Number of protein chains: 4
Amino acid sequence: MIFASDNWAGASDAVMAALTRHNSGMAPAYGGDPLTESISNRFSEIFEREVAVFFLTTGTAANALALSAYAKPGGTIFCHDEAHVLVDECNAPEFFTGGMKLVAVHGPHGKFSPASLKAALDNLPEGVVHHGQPAAVTIAQATEAGTVYSLEEIHAIKEVAQTRGLPLHMDGARFANALVHLDVAPAEMTWRAGVDVLSFGATKNGCWCAEAVVFFNPEDAKDFAYLRKRGGQLLSKSRFAAAQFEGYFEGGNWLDLARHANAMAARLADGIHASRNGRIAWAPQANEVFPIFSHEKFAQLKSAGVVMHEWPSKTLSANETLARMVTSFRTSEDEVEAFLALL
Amino acid sequence: MIFASDNWAGASDAVMAALTRHNSGMAPAYGGDPLTESISNRFSEIFEREVAVFFLTTGTAANALALSAYAKPGGTIFCHDEAHVLVDECNAPEFFTGGMKLVAVHGPHGKFSPASLKAALDNLPEGVVHHGQPAAVTIAQATEAGTVYSLEEIHAIKEVAQTRGLPLHMDGARFANALVHLDVAPAEMTWRAGVDVLSFGATKNGCWCAEAVVFFNPEDAKDFAYLRKRGGQLLSKSRFAAAQFEGYFEGGNWLDLARHANAMAARLADGIHASRNGRIAWAPQANEVFPIFSHEKFAQLKSAGVVMHEWPSKTLSANETLARMVTSFRTSEDEVEAFLALL
Amino acid sequence: MIFASDNWAGASDAVMAALTRHNSGMAPAYGGDPLTESISNRFSEIFEREVAVFFLTTGTAANALALSAYAKPGGTIFCHDEAHVLVDECNAPEFFTGGMKLVAVHGPHGKFSPASLKAALDNLPEGVVHHGQPAAVTIAQATEAGTVYSLEEIHAIKEVAQTRGLPLHMDGARFANALVHLDVAPAEMTWRAGVDVLSFGATKNGCWCAEAVVFFNPEDAKDFAYLRKRGGQLLSKSRFAAAQFEGYFEGGNWLDLARHANAMAARLADGIHASRNGRIAWAPQANEVFPIFSHEKFAQLKSAGVVMHEWPSKTLSANETLARMVTSFRTSEDEVEAFLALL
Amino acid sequence: MIFASDNWAGASDAVMAALTRHNSGMAPAYGGDPLTESISNRFSEIFEREVAVFFLTTGTAANALALSAYAKPGGTIFCHDEAHVLVDECNAPEFFTGGMKLVAVHGPHGKFSPASLKAALDNLPEGVVHHGQPAAVTIAQATEAGTVYSLEEIHAIKEVAQTRGLPLHMDGARFANALVHLDVAPAEMTWRAGVDVLSFGATKNGCWCAEAVVFFNPEDAKDFAYLRKRGGQLLSKSRFAAAQFEGYFEGGNWLDLARHANAMAARLADGIHASRNGRIAWAPQANEVFPIFSHEKFAQLKSAGVVMHEWPSKTLSANETLARMVTSFRTSEDEVEAFLALL
């Protein structure tokens with residue numbers, strides 16, 4: 001019963017099949033191959049707009065390099081206080097941007113409000129060289145708390161960002177999970193809502209190692225080929241990433257995988273709630289569930305073989321544990337039911 | 001007839017089989033999985049010494065991060081003037097090391113001599129803060145010219161480096177090709193000859209995306225886990241790299257693949273020499289051949305479908321072209337014979 | 001009536017005299033001159049210990065370069081949430097340290113407690129590569145709020161830092177003001193209390209442009225000559241800085257200047273308190289006073305020619321303004337009395 | 001008899017007088033003072049154009065930060081192979097530009113030709129991501145060899161730079177010495193000849209610590225206030241730099257000082273030539289003379305108290321030494337004659 005992370009799964013069948021299918025023969029290196037070109041075009045179709053897309057190998061690199069395209073001296077990036085870019089990337093964003101600062105904007109359940117962003121921006125008035133200057137705003141979709149910004153919320157955040165001329169970056173490590181939750185087109189959740197650049201994650205949802213940075217204003221990408229190469233992220237065998245994306249996209253595979261993961265999370269949450277042996281800290285909207293158990297129950301579940309993480313929390317009563325349970329395309333109904341039976 | 005680059009091939013059968021074999025089931029992320037551990041131990045066996053090994057996704061990242069482990073303020077890295085780190089990595093070494101300088105040491109056929117290294121080091125006398133300080137020496141094995149340093153040459157270079165207390169880095173993008181040429185044990189060609197840190201390349205010789213940094217003095221690696229993560233190179237699905245290495249190593253597959261590629265290069269060189277329609281600029285020792293053709297012959301071969309690169313040269317007569325032809329594990333004898341027939 | 005900043009004053013008479021005195025003749029450049037050597041030795045005398053001292057031109061450079069001597073990949077520096085290094089240096093510490101993160105530790109009146117530091121450190125458990133690693137702790141003495149850490153408080157902070165092997169940096173932009181407040185020897189307030197490296201500020205208290213980084217463990221300084229030169233901070237005419245320090249130190253001039261500035265601040269605070277037309281937010285311990293005025297009174301003072309800054313505050317009632325008033329060696333008693341009369 | 005460096009002199013009388021004159025009273029910090037504003041305007045007058053000017057404290061910082069305003073990922077800066085930025089700044093340009101590469105362009109007597117620059121640029125064809133991209137061209141005026149580019153030569157270099165859209169930076173550490181040699185207006189030697197940004201050095205020619213970066217296209221300077229502050233180069237007591245420039249410029253003082261230094265160099269060269277006890281390697285055009293002595297003569301002069309540097313050379317006969325002798329505004333005719341008498 002493994003609910004540790006969606007990173008614990010391997011690749012989906014469609015992705016492995018595509019990798020196998022494209023393994024034979026010779027193809028130009030470093031992205032000059034026809035498959036890379038065709039999959040890049042596929043991104044433009046999916047987003048209903050000419051986009052500039054760059055494949056990379058990790059989500060950390062995607063976020064850090066995407067943000068580096070908007071780097072300014074003394075620049076500040078605004079993010080949620082639980083954002084992956086802030087707490088889980090070992091300063092990669094600071095490093096790749098030449099030392100920009102990440103400022104945490106607070107808010108419940110992984111999301112910050114436009115008003116909180118505005119307040120944070122007001123601490124950096126225009127032209128005060130000592131304080132530096134705002135450079136970008138970033139949100140995760142789905143968030144690190146398994147919640148999802150609504151289209152209206154994204155719009156409203158972008159409006160605040162725009163008052164200072166700031167680009168909006170979306171960390172889409174769990175992009176598909178958010179997308180199927182909102183049940184909207186990719187374009188709606190991104191550029192039509194004000195997103196300028198997206199870290200499009202595919203690894204967690206069924207690839208081995210396939211991430212992309214997608215620029216919705218191709219002119220923003222003018223130096224990105226150099227940033228990627230200098231960042232050690234230009235794949236020599238680029239068709240290896242392209243093939244994964246081919247398998248990922250074909251027949252809507254990516255959306256099916258995400259729907260399955262989200263459904264498993266919803267089932268988990270419902271079952272936990274119904275069991276009365278735990279409660280749900282906040283409603284899951286993607287593939288992460290945050291239940292609260294008594295210390296005793298948590299320990300019992302762990303020793304019975306449930307793999308899940310304890311999560312930091314400041315608001316629990318003394319004898320409670322907040323847990324994080326993550327589902328993936330590989331999570332089976334049997335596994336969920338076995339867990340609920342155990343509970 | 002593709003002799004453009006060994007990066008044009010996909011993955012070997014053994015590597016694809018291993019990837020498929022390890023795709024099922026769940027495994028801890030970020031290198032906590034048993035396969036990553038077991039393959040890491042395999043590196044220690046192969047090198048007959050406890051090594052600290054880190055998987056990464058590109059050769060550029062491997063080189064840049066390996067060198068960054070020895071970064072000094074105002075530091076200089078000494079390399080050959082045709083070195084990949086100098087001319088083909090878009091300043092990644094400069095970037096990842098916080099702005100170190102790469103100084104070119106000249107020498108024929110991709111190799112520099114210990115005496116040339118000493119002369120270059122003498123330009124940076126100890127303690128002159130204006131000039132900065134020497135930080136590392138790096139050699140490629142096999143070199144960018146398809147040649148291979150002998151064990152004695154590596155020893156002698158290390159001796160010079162050691163007079164200034166400098167670590168010796170080896171760019172092993174084509175490590176296997178050099179190894180089978182010398183027909184020695186991996187330990188002989190590395191730490192027993194004075195190498196401190198190795199970029200162990202597997203992508204070119206039969207993987208999709210599998211590189212490793214190998215520290216022979218594990219204490220040198222004390223911060224490398226942070227350097228790798230900050231560099232955007234920590235794979236979430238680490239078993240994906242480990243599986244490739246498993247397939248690469250099993251049954252000596254990697255050595256067989258390299259032997260085949262080298263043999264194809266030797267056959268090419270012999271055939272070109274025998275044809276009298278071209279000559280060999282210098283003898284190939286790995287899987288790269290540098291023939292010289294008349295402009296007319298070169299153009300004729302290209303238009304007949306031979307894919308190969310023109311290579312810069314300062315010493316040719318006016319009507320000659322230097323070409324680079326690279327073989328790989330995928331190069332077939334038929335392809336070589338077809339080329340020679342065409343020639 | 002100028003209480004804007006101690007940076008508004010020029011150089012003290014003793015400093016100008018020393019500059020003039022040492023202007024004639026020729027002297028070796030880049031710190032090879034006898035005056036630089038003799039003043040460096042003077043630092044060792046003042047601190048009662050062999051120290052490694054480096055002159056620089058700005059406090060921002062001193063802080064950023066001092067911290068860079070302890071840089072680690074993915075490293076975090078812990079500082080107060082109002083620290084100059086965090087909010088007033090345009091990301092210089094992040095830039096010079098290769099992208100380290102500054103984490104704010106909260107506390108009233110410009111100081112954080114050992115317990116708060118410990119809590120912040122606990123968020124970075126040992127060996128979690130995603131979160132990075134702690135690298136240094138920094139405190140300002142005097143603080144940005146015009147308060148001063150007691151020797152016991154510094155000791156206690158160092159004890160917490162030491163549990164994680166972290167160096168303690170002191171931003172001494174107003175070092176002399178703190179020192180005369182505590183009325184202790186420089187050694188007491190620094191290395192005997194656990195400080196490893198000090199930004200020794202002299203500009204605010206009577207120099208034109210003279211800052212120093214002082215390492216109490218000279219081995220920590222092994223690369224600092226390179227860090228300083230690479231940082232654009234090696235003065236060609238080094239005696240220019242040395243001469244300023246000579247004037248600054250001679251006859252205890254620096255302590256007299258600081259005592260005067262502190263006394264003026266105390267007189268200001270007493271007078272404001274007695275006037276009942278304002279109150280003091282917290283007691284001044286150095287040369288900064290933070291009074292609270294009604295909006296009306298504040299506006300009235302400004303329009304009458306008082307130069308002072310409005311200061312951010314989250315705890316004031318709606319019709320109040322927090323002001324910052326800074327005194328310097330140049331502040332005259334007449335000026336203070338004129339202000340109090342106006343009030 | 002000190003001919004070691006122009007950095008061995010202190011400040012000129014006019015500069016010391018201006019410092020003293022502006023020491024009294026209070027003035028806004030960080031460049032908000034009227035003197036800084038008025039001297040900034042003076043730069044625009046001197047250059048006959050609205051310029052954006054920023055004061056800094058060292059020539060290394062001026063060069064590194066000026067170049068950083070044009071930084072590109074994977075960028076290359078083209079400079080002479082003896083350029084100060086390349087060999088004497090401890091990688092400051094690499095550091096401040098986020099890891100750009102400096103590529104040496106060869107040429108006799110400290111100058112490179114437009115043709116050599118073109119050949120170097122051709123090694124970086126447009127759009128080859130592996131090689132990176134050209135970012136800037138920099139020349140020193142006067143050069144490190146004491147020679148001066150003619151206006152025509154600067155024009156021609158700019159023309160080549162412009163074919164790739166590159167800015168031209170001038171390292172004017174000895175700007176005044178070059179200017180009086182050419183006997184042209186500052187505008188002629190800079191923007192009218194194609195210079196985009198200038199490191200205007202005043203320290204060597206009579207200041208204590210006063211350098212400036214001058215942008216001739218103010219839009220290029222849009223982020224420079226942040227670059228300077230982040231680089232630790234924003235002076236709190238900015239009038240200290242402004243006052244030096246006031247004294248430096250008043251009554252053409254700077255030109256007189258430079259004319260004197262150049263004349264002393266010319267006298268030295270003539271005297272050495274006439275003595276037949278040495279020869280001049282190339283004709284001095286500014287304030288540096290490069291004589292060639294026999295080993296014996298060189299040793300004899302040194303032991304008689306002449307302070308001068310031995311200079312690296314690859315073309316001397318075995319029993320000769322190349323020396324560098326630098327004159328300054330402080331070099332007296334008596335000192336020169338004493339040296340010639342000794343010779």
# chains A, B, ... in the order shown; residues from 1 in each chain; ligands from 1
>>> select_by_dssp(residues="region 153-321 of chain D", states="strand (DSSP E)", output="mmCIF file with N, CA, C and O atoms, in the first residue's frame")
data_model
loop_
_atom_site.group_PDB
_atom_site.id
_atom_site.type_symbol
_atom_site.label_atom_id
_atom_site.label_comp_id
_atom_site.auth_asym_id
_atom_site.auth_seq_id
_atom_site.Cartn_x
_atom_site.Cartn_y
_atom_site.Cartn_z
ATOM 1 N N LEU D 168 30.422 47.657 -27.941
ATOM 2 C CA LEU D 168 31.860 47.863 -27.766
ATOM 3 C C LEU D 168 32.110 48.538 -26.419
ATOM 4 O O LEU D 168 31.604 49.637 -26.169
ATOM 5 N N HIS D 169 32.868 47.855 -25.586
ATOM 6 C CA HIS D 169 33.238 48.377 -24.272
ATOM 7 C C HIS D 169 34.681 48.870 -24.326
ATOM 8 O O HIS D 169 35.530 48.243 -24.965
ATOM 9 N N MET D 170 34.932 49.985 -23.652
ATOM 10 C CA MET D 170 36.297 50.499 -23.561
ATOM 11 C C MET D 170 36.724 50.510 -22.097
ATOM 12 O O MET D 170 36.057 51.112 -21.252
ATOM 13 N N ASP D 171 37.839 49.817 -21.834
ATOM 14 C CA ASP D 171 38.435 49.859 -20.502
ATOM 15 C C ASP D 171 39.344 51.079 -20.447
ATOM 16 O O ASP D 171 40.458 51.059 -20.961
ATOM 17 N N GLY D 172 38.840 52.132 -19.808
ATOM 18 C CA GLY D 172 39.590 53.378 -19.768
ATOM 19 C C GLY D 172 40.311 53.598 -18.450
ATOM 20 O O GLY D 172 40.278 54.702 -17.919
ATOM 21 N N VAL D 197 29.944 51.699 -24.081
ATOM 22 C CA VAL D 197 30.059 51.821 -22.631
ATOM 23 C C VAL D 197 31.531 51.919 -22.261
ATOM 24 O O VAL D 197 32.379 51.255 -22.853
ATOM 25 N N LEU D 198 31.811 52.766 -21.295
ATOM 26 C CA LEU D 198 33.190 53.102 -20.942
ATOM 27 C C LEU D 198 33.422 52.907 -19.452
ATOM 28 O O LEU D 198 32.631 53.357 -18.630
ATOM 29 N N SER D 199 34.513 52.218 -19.119
ATOM 30 C CA SER D 199 35.011 52.256 -17.746
ATOM 31 C C SER D 199 35.952 53.450 -17.668
ATOM 32 O O SER D 199 37.056 53.419 -18.229
ATOM 33 N N PHE D 200 35.484 54.487 -17.000
ATOM 34 C CA PHE D 200 36.237 55.737 -16.937
ATOM 35 C C PHE D 200 37.084 55.716 -15.673
ATOM 36 O O PHE D 200 36.572 55.864 -14.558
ATOM 37 N N GLY D 201 38.381 55.524 -15.852
ATOM 38 C CA GLY D 201 39.254 55.423 -14.689
ATOM 39 C C GLY D 201 39.830 56.764 -14.303
ATOM 40 O O GLY D 201 40.334 57.499 -15.157
ATOM 41 N N GLU D 211 36.125 55.678 -9.838
ATOM 42 C CA GLU D 211 35.934 55.097 -11.164
ATOM 43 C C GLU D 211 34.486 55.340 -11.556
ATOM 44 O O GLU D 211 33.634 55.578 -10.701
ATOM 45 N N ALA D 212 34.226 55.293 -12.836
ATOM 46 C CA ALA D 212 32.848 55.487 -13.280
ATOM 47 C C ALA D 212 32.567 54.584 -14.459
ATOM 48 O O ALA D 212 33.463 54.281 -15.252
ATOM 49 N N VAL D 213 31.316 54.127 -14.539
ATOM 50 C CA VAL D 213 30.859 53.455 -15.758
ATOM 51 C C VAL D 213 29.952 54.447 -16.471
ATOM 52 O O VAL D 213 29.020 54.994 -15.866
ATOM 53 N N VAL D 214 30.267 54.674 -17.738
ATOM 54 C CA VAL D 214 29.535 55.663 -18.530
ATOM 55 C C VAL D 214 28.843 54.945 -19.687
ATOM 56 O O VAL D 214 29.511 54.338 -20.533
ATOM 57 N N PHE D 215 27.514 55.005 -19.708
ATOM 58 C CA PHE D 215 26.749 54.424 -20.815
ATOM 59 C C PHE D 215 26.381 55.536 -21.791
ATOM 60 O O PHE D 215 25.779 56.544 -21.410
ATOM 61 N N ARG D 279 67.054 49.284 -25.208
ATOM 62 C CA ARG D 279 66.296 49.729 -26.377
ATOM 63 C C ARG D 279 64.813 49.660 -26.020
ATOM 64 O O ARG D 279 64.428 49.038 -25.029
ATOM 65 N N ILE D 280 64.041 50.331 -26.815
ATOM 66 C CA ILE D 280 62.607 50.415 -26.538
ATOM 67 C C ILE D 280 61.899 49.360 -27.385
ATOM 68 O O ILE D 280 62.076 49.321 -28.607
ATOM 69 N N GLU D 288 53.377 54.389 -20.210
ATOM 70 C CA GLU D 288 54.103 53.157 -19.924
ATOM 71 C C GLU D 288 55.204 52.966 -20.968
ATOM 72 O O GLU D 288 54.948 53.096 -22.159
ATOM 73 N N VAL D 289 56.375 52.623 -20.480
ATOM 74 C CA VAL D 289 57.515 52.397 -21.370
ATOM 75 C C VAL D 289 57.969 50.949 -21.180
ATOM 76 O O VAL D 289 58.036 50.470 -20.044
ATOM 77 N N PRO D 291 61.113 49.020 -21.972
ATOM 78 C CA PRO D 291 62.487 48.934 -22.457
ATOM 79 C C PRO D 291 63.025 47.511 -22.333
ATOM 80 O O PRO D 291 62.532 46.712 -21.526
ATOM 81 N N ILE D 292 64.009 47.227 -23.137
ATOM 82 C CA ILE D 292 64.699 45.941 -23.070
ATOM 83 C C ILE D 292 66.129 46.202 -22.602
ATOM 84 O O ILE D 292 66.830 47.033 -23.181
ATOM 85 N N PHE D 293 66.507 45.539 -21.527
ATOM 86 C CA PHE D 293 67.867 45.676 -20.982
ATOM 87 C C PHE D 293 68.560 44.312 -21.007
ATOM 88 O O PHE D 293 67.893 43.272 -21.024
ATOM 89 N N SER D 294 69.851 44.355 -20.940
ATOM 90 C CA SER D 294 70.542 43.088 -20.688
ATOM 91 C C SER D 294 70.216 42.675 -19.256
ATOM 92 O O SER D 294 69.881 43.511 -18.410
ATOM 93 N N HIS D 309 58.884 46.646 -13.025
ATOM 94 C CA HIS D 309 58.534 45.231 -13.133
ATOM 95 C C HIS D 309 59.204 44.574 -14.342
ATOM 96 O O HIS D 309 59.327 45.199 -15.394
ATOM 97 N N GLU D 310 59.579 43.338 -14.157
ATOM 98 C CA GLU D 310 59.960 42.523 -15.306
ATOM 99 C C GLU D 310 58.665 42.115 -16.003
ATOM 100 O O GLU D 310 57.662 41.856 -15.346
ATOM 101 N N GLU D 320 68.335 38.886 -22.433
ATOM 102 C CA GLU D 320 67.656 40.170 -22.312
ATOM 103 C C GLU D 320 66.432 40.068 -21.391
ATOM 104 O O GLU D 320 65.826 39.014 -21.244
ATOM 105 N N THR D 321 66.094 41.211 -20.823
ATOM 106 C CA THR D 321 64.912 41.316 -19.962
ATOM 107 C C THR D 321 64.020 42.420 -20.496
ATOM 108 O O THR D 321 64.502 43.516 -20.796
#
>>> residues_around(residues="Ile46 (chain A)", least_positions_apart="6", cutoff="9 Å", atoms="only C-alpha atoms", output="PyMOL selection string")
chain A and resi 185-187
>>> write_last_selection(atoms="all heavy atoms", output="PDB file, in the first residue's frame")
ATOM      1  N   ALA A 185      -9.861  23.164 -21.069  1.00  0.00           N
ATOM      2  CA  ALA A 185      -8.805  22.972 -22.069  1.00  0.00           C
ATOM      3  C   ALA A 185      -7.483  23.502 -21.511  1.00  0.00           C
ATOM      4  O   ALA A 185      -7.471  24.430 -20.697  1.00  0.00           O
ATOM      5  CB  ALA A 185      -9.161  23.721 -23.347  1.00  0.00           C
ATOM      6  N   PRO A 186      -6.369  22.914 -21.943  1.00  0.00           N
ATOM      7  CA  PRO A 186      -5.056  23.411 -21.498  1.00  0.00           C
ATOM      8  C   PRO A 186      -4.887  24.910 -21.717  1.00  0.00           C
ATOM      9  O   PRO A 186      -4.297  25.591 -20.878  1.00  0.00           O
ATOM     10  CB  PRO A 186      -4.071  22.590 -22.342  1.00  0.00           C
ATOM     11  CG  PRO A 186      -4.796  21.313 -22.614  1.00  0.00           C
ATOM     12  CD  PRO A 186      -6.238  21.695 -22.759  1.00  0.00           C
ATOM     13  N   ALA A 187      -5.416  25.417 -22.809  1.00  0.00           N
ATOM     14  CA  ALA A 187      -5.292  26.853 -23.078  1.00  0.00           C
ATOM     15  C   ALA A 187      -5.997  27.684 -22.008  1.00  0.00           C
ATOM     16  O   ALA A 187      -5.524  28.747 -21.612  1.00  0.00           O
ATOM     17  CB  ALA A 187      -5.852  27.185 -24.467  1.00  0.00           C
TER      18      ALA A 187
END
>>> closest_residue(among="D:Met308, D:Cys90, D:Leu151, D:Leu322", to="Val128 (chain B)", atoms="only C-alpha atoms")
D:Cys90
>>> interface_residues(of="chain D", to="chain B", cutoff="8 Å", atoms="only C-alpha atoms", output="PDB file with C-alpha atoms, in the first residue's frame")
ATOM      1  CA  PRO D  73      23.726  32.946 -21.404  1.00  0.00           C
ATOM      2  CA  GLY D  74      26.617  31.186 -23.055  1.00  0.00           C
ATOM      3  CA  GLY D  75      27.981  34.591 -23.997  1.00  0.00           C
ATOM      4  CA  VAL D  87      44.610  38.200 -17.075  1.00  0.00           C
ATOM      5  CA  ASP D  88      44.482  40.560 -14.102  1.00  0.00           C
ATOM      6  CA  GLU D  89      41.011  40.530 -12.651  1.00  0.00           C
ATOM      7  CA  CYS D  90      40.851  37.127 -10.968  1.00  0.00           C
ATOM      8  CA  ASN D  91      37.797  36.120 -13.053  1.00  0.00           C
ATOM      9  CA  ALA D  92      35.726  39.088 -11.933  1.00  0.00           C
ATOM     10  CA  GLU D  94      33.362  35.821 -15.563  1.00  0.00           C
ATOM     11  CA  PHE D  95      31.852  36.014 -12.086  1.00  0.00           C
ATOM     12  CA  PHE D  96      29.787  39.176 -12.527  1.00  0.00           C
ATOM     13  CA  GLY D  98      27.205  34.747 -14.667  1.00  0.00           C
ATOM     14  CA  GLY D  99      29.945  32.755 -16.319  1.00  0.00           C
ATOM     15  CA  MET D 100      30.621  34.361 -19.661  1.00  0.00           C
ATOM     16  CA  LYS D 101      33.775  33.317 -21.472  1.00  0.00           C
ATOM     17  CA  VAL D 129      23.945  26.498 -29.165  1.00  0.00           C
ATOM     18  CA  HIS D 130      26.908  24.289 -28.220  1.00  0.00           C
ATOM     19  CA  HIS D 131      29.396  27.070 -28.836  1.00  0.00           C
ATOM     20  CA  GLY D 132      27.347  29.788 -27.164  1.00  0.00           C
ATOM     21  CA  GLN D 133      26.944  33.261 -28.593  1.00  0.00           C
TER      22      GLN D 133
END
>>> closest_residue(among="D:Pro134, D:Ala178, D:Asn205, D:Glu333", to="Asn253 (chain D)", atoms="only C-alpha atoms")
D:Asn205
>>> select_by_dssp(residues="region 169-198 of chain D", states="helix (DSSP H, G or I)", output="list in words")
Phe175, Ala176, Asn177, Ala178, Leu179, Val180, His181, Leu182, Pro186, Ala187, Glu188, Met189, Trp191, Arg192 and Ala193 of chain D
>>> residues_around(residues="Gly232 (chain A)", least_positions_apart="3", cutoff="10 Å", atoms="only C-alpha atoms", output="list of chain:residue names")
A:Leu56, A:Thr57, A:Ala61, A:Tyr226, A:Leu227, A:Arg228, A:Lys229, A:Leu235, B:Leu56, B:Thr57, B:Thr58, B:Gly59, B:Thr60, B:Ala61, B:Ala62, B:Asn63, B:Ala64, B:Leu65, B:Glu89, B:Cys90, B:Asn91, B:Ala92, B:Pro93, B:Phe96, B:Gly231, B:Gly232, B:Gln233
>>> atom_distance(atom1="CA of Gly271 (chain A)", atom2="CA of Glu337 (chain A)")
8.5 Å
>>> atom_distance(atom1="CA of Ala242 (chain B)", atom2="CA of Phe54 (chain B)")
10.3 Å
>>> closest_residue(among="A:Ser332, A:Asn319, A:Ser113, A:Thr20", to="Phe298 (chain A)", atoms="only C-alpha atoms")
A:Asn319
>>> residues_around(residues="region 41-43 of chain C", least_positions_apart="3", cutoff="10 Å", atoms="only C-alpha atoms", output="ChimeraX atom specification")
/C:35-38,46-53,212,214,245-246,249
>>> write_last_selection(atoms="N, CA, C and O atoms", output="short mmCIF file (atom, residue, chain, number, x, y, z; two decimals), in the first residue's frame")
data_model
loop_
_atom_site.label_atom_id
_atom_site.label_comp_id
_atom_site.auth_asym_id
_atom_site.auth_seq_id
_atom_site.Cartn_x
_atom_site.Cartn_y
_atom_site.Cartn_z
N LEU C 35 51.78 50.94 5.32
CA LEU C 35 50.66 51.44 6.12
C LEU C 35 49.56 50.38 6.23
O LEU C 35 48.99 50.15 7.31
N THR C 36 49.25 49.74 5.12
CA THR C 36 48.25 48.67 5.16
C THR C 36 48.69 47.58 6.12
O THR C 36 47.88 47.07 6.92
N GLU C 37 49.97 47.26 6.08
CA GLU C 37 50.45 46.20 6.98
C GLU C 37 50.33 46.64 8.44
O GLU C 37 49.89 45.88 9.30
N SER C 38 50.70 47.87 8.68
CA SER C 38 50.69 48.32 10.08
C SER C 38 49.27 48.43 10.62
O SER C 38 48.99 48.08 11.77
N ILE C 46 43.75 45.41 18.50
CA ILE C 46 42.42 45.83 18.99
C ILE C 46 41.59 44.62 19.39
O ILE C 46 40.87 44.65 20.38
N PHE C 47 41.73 43.54 18.62
CA PHE C 47 40.92 42.34 18.91
C PHE C 47 41.67 41.32 19.78
O PHE C 47 41.17 40.23 20.00
N GLU C 48 42.88 41.68 20.22
CA GLU C 48 43.65 40.85 21.14
C GLU C 48 43.83 39.43 20.61
O GLU C 48 43.75 38.45 21.35
N ARG C 49 44.08 39.34 19.32
CA ARG C 49 44.20 38.03 18.69
C ARG C 49 44.71 38.24 17.27
O ARG C 49 44.41 39.24 16.65
N GLU C 50 45.44 37.28 16.79
CA GLU C 50 45.86 37.33 15.39
C GLU C 50 44.62 37.20 14.51
O GLU C 50 43.96 36.15 14.50
N VAL C 51 44.30 38.24 13.78
CA VAL C 51 43.15 38.17 12.88
C VAL C 51 43.61 38.33 11.44
O VAL C 51 44.70 38.84 11.18
N ALA C 52 42.78 37.86 10.52
CA ALA C 52 43.01 38.12 9.09
C ALA C 52 42.05 39.23 8.70
O ALA C 52 40.84 39.05 8.81
N VAL C 53 42.59 40.36 8.26
CA VAL C 53 41.72 41.51 7.99
C VAL C 53 41.87 41.96 6.54
O VAL C 53 42.98 41.93 5.98
N ALA C 212 35.89 46.78 6.68
CA ALA C 212 36.85 45.68 6.76
C ALA C 212 36.12 44.38 7.08
O ALA C 212 35.09 44.39 7.76
N VAL C 214 36.88 40.97 9.05
CA VAL C 214 37.84 40.46 10.03
C VAL C 214 37.51 39.00 10.33
O VAL C 214 36.41 38.69 10.80
N PHE C 245 41.51 54.27 8.46
CA PHE C 245 41.47 53.48 9.71
C PHE C 245 42.46 54.05 10.73
O PHE C 245 42.18 54.06 11.92
N GLU C 246 43.62 54.51 10.24
CA GLU C 246 44.57 55.09 11.18
C GLU C 246 43.94 56.27 11.93
O GLU C 246 43.98 56.34 13.17
N PHE C 249 41.12 55.13 14.38
CA PHE C 249 41.51 54.45 15.62
C PHE C 249 42.30 55.34 16.57
O PHE C 249 42.27 55.15 17.78
#
>>> atom_distance(atom1="CA of Leu19 (chain B)", atom2="CA of Arg259 (chain A)")
25.7 Å
>>> residues_around(residues="Thr331 (chain B)", least_positions_apart="5", cutoff="10 Å", atoms="only C-alpha atoms", output="MDAnalysis selection string")
(chainID A and resid 26) or (chainID B and resid 1:3 6 9 260:261 263:265 326 336)
